[in-house]
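Asks: File follows, input_28.txt with compact mmCIF, C-alpha atoms:
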# COMPACT_ATOMS: atom_id res chain seq x y z
CA MET A 682 140.55 71.02 13.60
CA ALA A 683 138.83 73.63 15.72
CA ALA A 684 138.96 76.08 12.85
CA ALA A 685 137.78 73.53 10.33
CA THR A 686 134.59 72.54 12.11
CA PRO A 687 132.73 75.88 11.92
CA ASP A 688 133.86 76.09 8.31
CA ALA A 689 132.32 72.73 7.55
CA VAL A 690 129.10 73.77 9.25
CA GLY A 691 129.14 77.04 7.39
CA MET A 692 129.50 75.28 4.05
CA GLU A 693 126.71 72.84 4.82
CA TYR A 694 124.01 74.93 3.18
CA LEU A 695 125.79 74.43 -0.14
CA GLU A 696 125.19 70.69 0.09
CA SER A 697 121.41 70.93 -0.24
CA VAL A 698 119.63 68.29 -2.27
CA PRO A 699 118.69 70.44 -5.31
CA ARG A 700 122.22 71.76 -5.54
CA LYS A 701 123.69 68.29 -5.40
CA LEU A 702 121.23 67.23 -8.06
CA VAL A 703 122.58 69.87 -10.44
CA THR A 704 126.27 69.69 -9.59
CA VAL A 705 126.72 65.94 -9.19
CA TYR A 706 123.90 63.77 -10.44
CA LEU A 707 122.98 65.67 -13.60
CA PRO A 708 126.53 65.72 -15.05
CA LEU A 709 126.99 62.15 -13.92
CA GLY A 710 123.76 61.12 -15.60
CA ILE A 711 124.69 62.84 -18.86
CA PHE A 712 128.11 61.23 -18.75
CA VAL A 713 126.70 57.75 -18.17
CA PHE A 714 124.16 58.26 -20.94
CA VAL A 715 126.78 59.37 -23.45
CA LEU A 716 129.03 56.44 -22.54
CA LEU A 717 126.38 53.75 -22.55
CA PHE A 718 124.22 54.83 -25.47
CA PRO A 719 126.53 53.33 -28.16
CA PHE A 720 126.39 49.99 -26.35
CA TYR A 721 122.62 50.19 -26.18
CA TRP A 722 122.47 51.02 -29.88
CA MET A 723 124.81 48.12 -30.68
CA ALA A 724 122.71 45.66 -28.68
CA ILE A 725 119.38 46.87 -30.01
CA THR A 726 120.59 46.82 -33.62
CA SER A 727 121.91 43.29 -33.36
CA PHE A 728 118.49 42.00 -32.28
CA LYS A 729 116.41 43.89 -34.84
CA PRO A 730 115.06 42.06 -37.89
CA ASN A 731 116.12 43.60 -41.19
CA GLU A 732 112.68 45.08 -41.97
CA GLU A 733 112.75 47.06 -38.75
CA LEU A 734 116.35 48.14 -39.33
CA LEU A 735 115.56 49.61 -42.70
CA SER A 736 112.05 51.01 -42.15
CA ARG A 737 111.55 54.69 -41.45
CA GLU A 738 108.43 54.14 -39.35
CA GLY A 739 108.26 53.32 -35.70
CA ASN A 740 110.56 54.02 -32.83
CA PRO A 741 114.23 53.49 -33.79
CA PHE A 742 115.22 53.10 -30.13
CA TRP A 743 113.18 50.00 -29.50
CA VAL A 744 112.80 46.60 -31.10
CA ILE A 745 109.38 45.09 -31.70
CA LYS A 746 110.17 41.61 -33.00
CA PRO A 747 113.60 40.61 -31.62
CA THR A 748 115.42 38.00 -33.67
CA LEU A 749 118.59 35.96 -33.44
CA ALA A 750 118.97 35.80 -37.22
CA HIS A 751 122.00 38.10 -37.23
CA PHE A 752 123.80 35.99 -34.64
CA HIS A 753 122.93 32.86 -36.60
CA LYS A 754 124.34 34.38 -39.79
CA LEU A 755 127.44 35.52 -37.93
CA LEU A 756 128.18 32.21 -36.26
CA PHE A 757 127.24 29.79 -39.03
CA GLU A 758 127.64 31.65 -42.32
CA THR A 759 130.86 33.55 -41.67
CA ALA A 760 134.19 32.51 -40.15
CA TYR A 761 133.39 34.49 -36.99
CA PRO A 762 134.28 31.69 -34.49
CA GLU A 763 137.67 31.39 -36.17
CA TRP A 764 138.22 35.15 -35.96
CA LEU A 765 137.35 35.06 -32.28
CA TRP A 766 139.76 32.18 -31.69
CA ASN A 767 142.53 33.98 -33.61
CA THR A 768 141.98 37.12 -31.59
CA VAL A 769 142.18 35.17 -28.34
CA ILE A 770 145.39 33.36 -29.31
CA VAL A 771 147.11 36.45 -30.68
CA SER A 772 146.14 38.68 -27.75
CA VAL A 773 147.05 36.16 -25.06
CA VAL A 774 150.41 35.19 -26.54
CA ALA A 775 151.37 38.78 -27.40
CA THR A 776 150.33 40.01 -23.96
CA PHE A 777 152.34 37.37 -22.08
CA ALA A 778 155.43 37.79 -24.21
CA SER A 779 155.29 41.56 -23.80
CA LEU A 780 154.74 41.33 -20.06
CA VAL A 781 157.80 39.13 -19.59
CA ALA A 782 159.94 41.51 -21.62
CA ALA A 783 158.45 44.55 -19.92
CA VAL A 784 159.07 43.23 -16.39
CA LEU A 785 162.73 42.62 -17.14
CA ALA A 786 163.14 45.97 -18.89
CA ALA A 787 161.29 47.98 -16.26
CA TYR A 788 163.18 46.39 -13.38
CA ALA A 789 166.52 46.94 -15.06
CA ILE A 790 165.80 50.57 -15.87
CA GLU A 791 164.37 51.33 -12.46
CA ARG A 792 166.73 49.47 -10.11
CA LEU A 793 170.00 48.45 -11.76
CA ARG A 794 171.27 52.04 -12.11
CA PHE A 795 173.45 51.56 -15.16
CA SER A 796 174.63 54.70 -16.92
CA GLY A 797 172.04 55.99 -19.35
CA SER A 798 169.10 54.24 -17.72
CA LYS A 799 167.15 57.51 -17.66
CA GLN A 800 167.66 57.97 -21.38
CA VAL A 801 166.60 54.41 -22.09
CA GLY A 802 163.41 54.96 -20.11
CA LEU A 803 162.66 58.16 -21.98
CA SER A 804 163.31 56.59 -25.37
CA ILE A 805 160.97 53.69 -24.54
CA PHE A 806 158.31 56.26 -23.74
CA LEU A 807 158.97 58.06 -27.03
CA ALA A 808 158.73 54.73 -28.87
CA TYR A 809 155.25 54.32 -27.46
CA LEU A 810 154.25 57.76 -28.75
CA VAL A 811 154.95 56.82 -32.37
CA PRO A 812 151.57 55.62 -33.61
CA PRO A 813 150.96 52.36 -35.51
CA SER A 814 149.63 54.34 -38.46
CA ILE A 815 153.20 55.46 -39.14
CA LEU A 816 154.84 52.12 -38.39
CA PHE A 817 152.61 49.78 -40.37
CA ILE A 818 154.26 50.39 -43.74
CA PRO A 819 157.85 49.64 -42.67
CA LEU A 820 156.59 46.74 -40.57
CA ALA A 821 154.67 45.42 -43.56
CA ALA A 822 157.90 45.34 -45.55
CA ILE A 823 159.66 43.48 -42.71
CA VAL A 824 156.83 41.00 -42.23
CA PHE A 825 156.78 40.30 -45.94
CA LYS A 826 160.55 39.75 -46.13
CA LEU A 827 160.44 37.37 -43.15
CA GLY A 828 157.79 35.31 -44.92
CA LEU A 829 155.31 35.83 -42.09
CA PHE A 830 152.68 37.57 -44.18
CA ASP A 831 149.18 36.16 -43.62
CA THR A 832 150.07 34.13 -40.54
CA ARG A 833 149.23 34.56 -36.87
CA TRP A 834 152.91 34.99 -36.14
CA ALA A 835 152.87 38.27 -38.04
CA LEU A 836 150.44 39.67 -35.47
CA ILE A 837 151.99 37.98 -32.43
CA LEU A 838 155.38 39.44 -33.29
CA THR A 839 154.24 42.94 -34.26
CA TYR A 840 151.84 43.66 -31.39
CA PRO A 841 154.69 43.79 -28.85
CA THR A 842 156.05 46.82 -30.74
CA PHE A 843 153.43 48.90 -28.97
CA LEU A 844 152.69 46.60 -26.01
CA ILE A 845 156.24 46.43 -24.63
CA PRO A 846 156.88 50.21 -24.41
CA PHE A 847 153.47 50.75 -22.90
CA SER A 848 153.69 48.06 -20.22
CA THR A 849 157.33 48.90 -19.50
CA TRP A 850 156.32 52.48 -18.82
CA LEU A 851 153.46 51.40 -16.57
CA LEU A 852 155.60 48.89 -14.66
CA MET A 853 158.46 51.35 -14.21
CA GLY A 854 156.10 53.60 -12.31
CA TYR A 855 154.92 50.70 -10.22
CA PHE A 856 158.39 49.36 -9.41
CA ARG A 857 159.42 52.87 -8.37
CA SER A 858 156.77 52.75 -5.65
CA ILE A 859 158.20 49.57 -4.09
CA PRO A 860 160.52 50.56 -1.24
CA TYR A 861 164.22 50.21 -1.86
CA GLU A 862 164.83 48.94 1.66
CA LEU A 863 163.11 45.63 0.99
CA GLU A 864 165.60 44.86 -1.73
CA GLU A 865 168.53 45.95 0.41
CA CYS A 866 167.39 43.56 3.15
CA ALA A 867 167.22 40.75 0.61
CA LEU A 868 170.70 41.63 -0.67
CA ILE A 869 172.08 41.48 2.87
CA ASP A 870 170.50 38.07 3.32
CA GLY A 871 172.40 36.91 0.26
CA ALA A 872 169.74 36.94 -2.42
CA THR A 873 170.78 37.36 -6.03
CA ARG A 874 169.20 39.95 -8.30
CA TRP A 875 167.12 37.25 -9.95
CA GLN A 876 165.84 36.00 -6.58
CA ILE A 877 164.99 39.56 -5.56
CA LEU A 878 162.99 40.04 -8.74
CA VAL A 879 161.13 36.75 -8.50
CA LYS A 880 160.62 36.45 -4.74
CA ILE A 881 160.34 40.05 -3.53
CA VAL A 882 159.47 42.48 -6.29
CA LEU A 883 157.05 40.46 -8.42
CA PRO A 884 154.75 39.35 -5.58
CA LEU A 885 154.49 42.98 -4.49
CA ALA A 886 153.89 44.14 -8.04
CA VAL A 887 150.95 41.84 -8.78
CA PRO A 888 148.40 44.70 -9.04
CA GLY A 889 150.71 46.54 -11.42
CA LEU A 890 151.23 43.37 -13.46
CA ILE A 891 147.51 42.77 -13.67
CA SER A 892 146.71 46.30 -14.76
CA ALA A 893 149.51 46.24 -17.35
CA GLY A 894 148.26 42.85 -18.52
CA ILE A 895 144.66 44.02 -18.87
CA PHE A 896 145.73 47.14 -20.71
CA ALA A 897 147.95 45.14 -23.05
CA PHE A 898 145.22 42.57 -23.60
CA THR A 899 142.63 45.20 -24.49
CA LEU A 900 145.05 47.03 -26.76
CA SER A 901 145.83 43.88 -28.73
CA TRP A 902 142.19 42.80 -28.74
CA ASN A 903 141.18 46.11 -30.32
CA GLU A 904 144.20 46.45 -32.57
CA PHE A 905 143.06 47.17 -36.09
CA ILE A 906 145.59 48.56 -38.53
CA TYR A 907 148.31 45.89 -38.13
CA ALA A 908 145.76 43.09 -38.38
CA LEU A 909 144.26 44.74 -41.45
CA THR A 910 147.64 45.08 -43.15
CA PHE A 911 149.44 41.85 -42.29
CA VAL A 912 146.63 39.38 -42.74
CA SER A 913 144.42 38.83 -45.75
CA SER A 914 142.86 35.38 -45.72
CA SER A 915 139.71 34.82 -43.72
CA GLU A 916 140.95 32.06 -41.43
CA VAL A 917 143.67 34.18 -39.81
CA LYS A 918 141.72 37.43 -39.43
CA THR A 919 140.95 38.90 -36.03
CA VAL A 920 137.49 40.03 -34.93
CA PRO A 921 137.75 43.79 -35.61
CA VAL A 922 139.18 43.23 -39.08
CA GLY A 923 137.02 40.29 -40.04
CA VAL A 924 133.81 42.04 -39.05
CA VAL A 925 134.59 45.16 -41.05
CA THR A 926 136.03 43.49 -44.14
CA GLU A 927 133.59 40.60 -44.58
CA LEU A 928 130.27 42.02 -43.37
CA VAL A 929 130.47 45.08 -45.60
CA GLU A 930 130.00 43.92 -49.17
CA GLY A 931 130.45 46.85 -51.53
CA ASP A 932 127.71 49.26 -50.59
CA VAL A 933 125.74 46.73 -48.55
CA TYR A 934 126.28 47.05 -44.82
CA HIS A 935 124.99 44.07 -42.86
CA TRP A 936 124.34 46.28 -39.85
CA GLY A 937 122.68 43.60 -37.77
CA SER A 938 125.55 41.16 -38.11
CA LEU A 939 128.13 43.93 -37.80
CA MET A 940 126.65 44.98 -34.49
CA ALA A 941 126.23 41.39 -33.34
CA GLY A 942 129.91 40.80 -34.13
CA ALA A 943 130.91 43.90 -32.20
CA LEU A 944 128.73 42.86 -29.27
CA LEU A 945 130.11 39.31 -29.11
CA GLY A 946 133.63 40.64 -29.61
CA SER A 947 133.40 43.09 -26.74
CA LEU A 948 131.93 40.63 -24.23
CA PRO A 949 135.11 38.63 -23.47
CA VAL A 950 137.05 41.80 -22.66
CA ALA A 951 134.27 43.03 -20.38
CA PHE A 952 134.25 39.61 -18.74
CA VAL A 953 138.00 39.57 -18.11
CA TYR A 954 137.87 43.15 -16.97
CA SER A 955 135.13 42.54 -14.41
CA PHE A 956 137.31 40.04 -12.54
CA PHE A 957 140.19 42.40 -12.06
CA VAL A 958 138.63 45.85 -11.61
CA GLU A 959 139.89 46.27 -8.05
CA TYR A 960 143.44 45.26 -8.87
CA TYR A 961 143.28 47.40 -11.94
CA VAL A 962 142.30 50.54 -10.06
CA SER A 963 144.88 49.99 -7.34
CA GLY A 964 147.52 49.30 -9.97
CA LEU A 965 146.89 52.69 -11.53
CA THR A 966 146.49 54.78 -8.41
CA GLY A 967 148.05 52.96 -5.52
CA SER A 968 151.41 51.77 -4.47
CA VAL A 969 152.83 49.48 -1.85
CA LYS A 970 151.93 50.64 1.62
CA GLU A 971 154.97 50.94 3.80
CA MET B 1208 137.45 52.30 -42.15
CA ILE B 1209 133.73 51.66 -42.17
CA THR B 1210 133.25 54.32 -44.86
CA ARG B 1211 136.42 53.34 -46.79
CA GLY B 1212 137.22 57.01 -47.26
CA GLY B 1213 134.13 57.49 -49.38
CA PRO B 1214 131.95 59.25 -50.56
CA LEU B 1215 134.49 60.85 -52.93
CA ASN B 1216 137.36 60.59 -50.39
CA ALA B 1217 135.46 62.97 -48.09
CA THR B 1218 135.94 60.90 -44.94
CA HIS B 1219 139.61 60.03 -45.26
CA LEU B 1220 141.95 60.48 -42.34
CA MET B 1221 145.66 60.61 -42.93
CA ALA B 1222 146.01 57.06 -41.65
CA THR B 1223 143.24 55.65 -43.86
CA LEU B 1224 144.58 57.47 -46.90
CA SER B 1225 148.07 56.17 -46.31
CA PHE B 1226 146.74 52.65 -45.82
CA GLN B 1227 144.68 52.78 -49.00
CA ARG B 1228 147.54 54.07 -51.12
CA ALA B 1229 150.11 51.67 -49.68
CA ILE B 1230 148.46 48.26 -49.23
CA PRO B 1231 145.54 47.84 -51.66
CA GLY B 1232 147.01 50.48 -54.01
CA GLY B 1233 150.48 48.95 -53.94
CA ALA B 1234 152.30 52.31 -53.69
CA LEU B 1235 154.29 51.63 -50.52
CA GLY B 1236 156.41 54.76 -50.99
CA GLU B 1237 153.45 57.08 -51.36
CA GLY B 1238 151.80 55.61 -48.29
CA ALA B 1239 154.99 55.99 -46.29
CA ALA B 1240 155.28 59.61 -47.43
CA ILE B 1241 151.73 60.32 -46.26
CA SER B 1242 152.39 58.83 -42.85
CA ILE B 1243 155.68 60.71 -42.51
CA ALA B 1244 153.71 63.90 -43.16
CA MET B 1245 151.97 63.24 -39.83
CA VAL B 1246 155.24 63.43 -37.88
CA PRO B 1247 155.47 67.24 -37.44
CA PHE B 1248 151.98 67.36 -35.95
CA LEU B 1249 152.74 64.48 -33.63
CA LEU B 1250 155.99 66.09 -32.61
CA ALA B 1251 154.19 69.31 -31.75
CA ALA B 1252 151.64 67.40 -29.69
CA ILE B 1253 154.35 65.42 -27.89
CA LEU B 1254 156.42 68.51 -27.12
CA PHE B 1255 153.35 70.31 -25.84
CA SER B 1256 152.35 67.45 -23.57
CA TYR B 1257 155.90 66.88 -22.40
CA PHE B 1258 156.83 70.47 -21.58
CA GLY B 1259 153.45 72.16 -21.27
CA LEU B 1260 151.70 69.74 -18.97
CA GLN B 1261 154.69 69.06 -16.76
CA ARG B 1262 154.58 72.35 -14.86
CA ARG B 1263 153.91 71.58 -11.23
CA LYS B 1264 151.83 74.64 -10.41
CA TRP B 1265 149.44 73.91 -13.20
CA GLN B 1266 148.89 70.36 -12.02
CA GLN B 1267 148.10 71.50 -8.52
CA GLY B 1268 145.46 73.90 -9.69
CA GLY B 1269 147.42 77.11 -9.25
CA ALA B 1270 147.92 79.83 -11.82
CA ASP B 1271 151.03 79.67 -14.00
Could you write out this structure as structure tokens?
Replies:
Amino acid sequence: MAAATPDAVGMEYLESVPRKLVTVYLPLGIFVFVLLFPFYWMAITSFKPNEELLSREGNPFWVIKPTLAHFHKLLFETAYPEWLWNTVIVSVVATFASLVAAVLAAYAIERLRFSGSKQVGLSIFLAYLVPPSILFIPLAAIVFKLGLFDTRWALILTYPTFLIPFSTWLLMGYFRSIPYELEECALIDGATRWQILVKIVLPLAVPGLISAGIFAFTLSWNEFIYALTFVSSSEVKTVPVGVVTELVEGDVYHWGSLMAGALLGSLPVAFVYSFFVEYYVSGLTGSVKE
Amino acid sequence: MITRGGPLNATHLMATLSFQRAIPGGALGEGAAISIAMVPFLLAAILFSYFGLQRRKWQQGGAD
């Protein structure tokens, strides 16, 4: 420590206010601006009346006569509430089903030590790396043959194809951070594997479960290509698909309603997210303190 | 998707092209072929990230 103190004093002059302004706050400000500007644009567009949207005069970054007409059109002249409801059902059911499967898979791969568990883990990771844009055609054939085309079940059953590998991978990392010794103690006290999983590992893994759940929920909320392919009638569409397919008529883009739909569609996720931010961060970075 | 590949197919990605050929166009095989054509690129990216980014020294900020 004795050597470090003069060093710290010597480096102090680098921490002057103008320097900090350039090295920290300026990049941070640019970053925040770039990230938030699309949201600002989305919000401002959804409140603009059509004349302002299409006119070339005036300031495009501000709205003079805000209107709720686009929201009214969205909520009462399209099937938007149904799309929202579909998205909620599909995302929640798919997320829970995938989490259950992922917990069992991750625990087995991480702690049961059967031969080939490493390879299974790696192949699950590789399965996640195959993008939906390759898988949607074969899956479309399967969905069609099973008679699930144009139902919610098509989406609920296909979303886990990318949710399970992803959450398994995340949970494997988290389970690895839980000390072995706890489980050995439980084994000595006569617990079965199932009791260990339910009573010891899962309570410790709650932050990991929450972050996997949030990730899975957002992924299925935003999922586009499967929903576009497997569903065609308006009452089973999800928000991202419904907004794009029904608010763009030929060459006419209903920008106001499109943006209003995007705004309303992104609010629930932001809402859910805001409850769990702390868990979410600790699930990604932290582990169980010994 | 917002541009539907237009004007004159100028804004198509491989995924949008394969979707358009396969589902609205009805040519499942052609769509599948287009998406399979993505595999070599993906494989290269995966191999790079798997082997290239795994080196310890690099992650800790040292030279290779």
Asks: Point out the residue among A:Leu810, A:Val698, A:Val933, A:Ala786 with the least atom-to-atom distance to B:Ala1251, counting all atoms listed in the file.
Replies: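 Ranked by minimum distance to B:Ala1251, first place goes to A:Leu810.
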Asks: Please list as a list in words every residue within 9 Å of A:Leu909, counting only C-alpha atoms and excluding residues in the same chain fewer than 4 positions away.
Replies: Phe905, Ser913, Lys918, Thr919, Pro921, Val922, Gly923 and Thr926 of chain A
Asks: With a distance threshold of 7 Å and counting all atoms listed in the file, extract the residues of chain B near chain A and express them as a ChimeraX atom specification.
Replies: /B:1209,1222,1230,1235,1239,1242-1243
Asks: Tell me, in Å to one decimal, how far atom CA of A:Pro730 is from atom CA of A:Lys746.
Replies: 6.9 Å
Asks: Rounded to one decimal, what separation in Å do you get between atom CA of A:Ala787 and atom CA of A:Leu852?
Replies: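 If I compute the distance from atom CA of A:Ala787 to atom CA of A:Leu852, I get 6.0 Å.
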Asks: Around all of stretch 1223-1229 of chain B's listed atoms, make the axis-aligned box with 8 Å on each side and tell me centre and edge lengths in Å to one decimal, as JSON.
Replies:
{"center_x": 146.7, "center_y": 54.6, "center_z": -47.5, "size_x": 22.9, "size_y": 21.8, "size_z": 23.3}
Asks: Excluding A:Leu928 and residues on its chain fewer than 2 positions from it, collect all residues at most 12 Å away from it, counting only C-alpha atoms, and give them as a ChimeraX atom specification.
Replies: /A:751,754-755,758-761,915,920-926,930-943 /B:1209
Asks: Restricted to C-alpha atoms, what would the selected residues look like written as a PDB file, in the coordinates of the input?
Replies:
ATOM      1  CA  HIS A 751     122.000  38.100 -37.230  1.00  0.00           C
ATOM      2  CA  LYS A 754     124.340  34.380 -39.790  1.00  0.00           C
ATOM      3  CA  LEU A 755     127.440  35.520 -37.930  1.00  0.00           C
ATOM      4  CA  GLU A 758     127.640  31.650 -42.320  1.00  0.00           C
ATOM      5  CA  THR A 759     130.860  33.550 -41.670  1.00  0.00           C
ATOM      6  CA  ALA A 760     134.190  32.510 -40.150  1.00  0.00           C
ATOM      7  CA  TYR A 761     133.390  34.490 -36.990  1.00  0.00           C
ATOM      8  CA  SER A 915     139.710  34.820 -43.720  1.00  0.00           C
ATOM      9  CA  VAL A 920     137.490  40.030 -34.930  1.00  0.00           C
ATOM     10  CA  PRO A 921     137.750  43.790 -35.610  1.00  0.00           C
ATOM     11  CA  VAL A 922     139.180  43.230 -39.080  1.00  0.00           C
ATOM     12  CA  GLY A 923     137.020  40.290 -40.040  1.00  0.00           C
ATOM     13  CA  VAL A 924     133.810  42.040 -39.050  1.00  0.00           C
ATOM     14  CA  VAL A 925     134.590  45.160 -41.050  1.00  0.00           C
ATOM     15  CA  THR A 926     136.030  43.490 -44.140  1.00  0.00           C
ATOM     16  CA  GLU A 930     130.000  43.920 -49.170  1.00  0.00           C
ATOM     17  CA  GLY A 931     130.450  46.850 -51.530  1.00  0.00           C
ATOM     18  CA  ASP A 932     127.710  49.260 -50.590  1.00  0.00           C
ATOM     19  CA  VAL A 933     125.740  46.730 -48.550  1.00  0.00           C
ATOM     20  CA  TYR A 934     126.280  47.050 -44.820  1.00  0.00           C
ATOM     21  CA  HIS A 935     124.990  44.070 -42.860  1.00  0.00           C
ATOM     22  CA  TRP A 936     124.340  46.280 -39.850  1.00  0.00           C
ATOM     23  CA  GLY A 937     122.680  43.600 -37.770  1.00  0.00           C
ATOM     24  CA  SER A 938     125.550  41.160 -38.110  1.00  0.00           C
ATOM     25  CA  LEU A 939     128.130  43.930 -37.800  1.00  0.00           C
ATOM     26  CA  MET A 940     126.650  44.980 -34.490  1.00  0.00           C
ATOM     27  CA  ALA A 941     126.230  41.390 -33.340  1.00  0.00           C
ATOM     28  CA  GLY A 942     129.910  40.800 -34.130  1.00  0.00           C
ATOM     29  CA  ALA A 943     130.910  43.900 -32.200  1.00  0.00           C
TER      30      ALA A 943
ATOM     31  CA  ILE B1209     133.730  51.660 -42.170  1.00  0.00           C
TER      32      ILE B1209
END
Asks: Quick one: everything within 10 Å of stretch 779-782 of chain A, counting all atoms listed in the file, minus sequence neighbours fewer than 2 positions away in the same chain. Send it as an MDAnalysis selection string.
Replies: chainID A and resid 773:777 784:787 837:838 840:849 852 890:891 893:894 897
Asks: Write a file of the just-selected residues containing C-alpha atoms, as an mmCIF file, in the coordinates of the input.
Replies:
data_model
loop_
_atom_site.group_PDB
_atom_site.id
_atom_site.type_symbol
_atom_site.label_atom_id
_atom_site.label_comp_id
_atom_site.auth_asym_id
_atom_site.auth_seq_id
_atom_site.Cartn_x
_atom_site.Cartn_y
_atom_site.Cartn_z
ATOM 1 C CA VAL A 773 147.050 36.160 -25.060
ATOM 2 C CA VAL A 774 150.410 35.190 -26.540
ATOM 3 C CA ALA A 775 151.370 38.780 -27.400
ATOM 4 C CA THR A 776 150.330 40.010 -23.960
ATOM 5 C CA PHE A 777 152.340 37.370 -22.080
ATOM 6 C CA VAL A 784 159.070 43.230 -16.390
ATOM 7 C CA LEU A 785 162.730 42.620 -17.140
ATOM 8 C CA ALA A 786 163.140 45.970 -18.890
ATOM 9 C CA ALA A 787 161.290 47.980 -16.260
ATOM 10 C CA ILE A 837 151.990 37.980 -32.430
ATOM 11 C CA LEU A 838 155.380 39.440 -33.290
ATOM 12 C CA TYR A 840 151.840 43.660 -31.390
ATOM 13 C CA PRO A 841 154.690 43.790 -28.850
ATOM 14 C CA THR A 842 156.050 46.820 -30.740
ATOM 15 C CA PHE A 843 153.430 48.900 -28.970
ATOM 16 C CA LEU A 844 152.690 46.600 -26.010
ATOM 17 C CA ILE A 845 156.240 46.430 -24.630
ATOM 18 C CA PRO A 846 156.880 50.210 -24.410
ATOM 19 C CA PHE A 847 153.470 50.750 -22.900
ATOM 20 C CA SER A 848 153.690 48.060 -20.220
ATOM 21 C CA THR A 849 157.330 48.900 -19.500
ATOM 22 C CA LEU A 852 155.600 48.890 -14.660
ATOM 23 C CA LEU A 890 151.230 43.370 -13.460
ATOM 24 C CA ILE A 891 147.510 42.770 -13.670
ATOM 25 C CA ALA A 893 149.510 46.240 -17.350
ATOM 26 C CA GLY A 894 148.260 42.850 -18.520
ATOM 27 C CA ALA A 897 147.950 45.140 -23.050
#
Asks: What does the distance between atom CA of B:Pro1247 and atom CA of A:Leu803 come to in Å, to one decimal place?
Replies: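 Interatomic distance, atom CA of B:Pro1247 to atom CA of A:Leu803: 19.3 Å.
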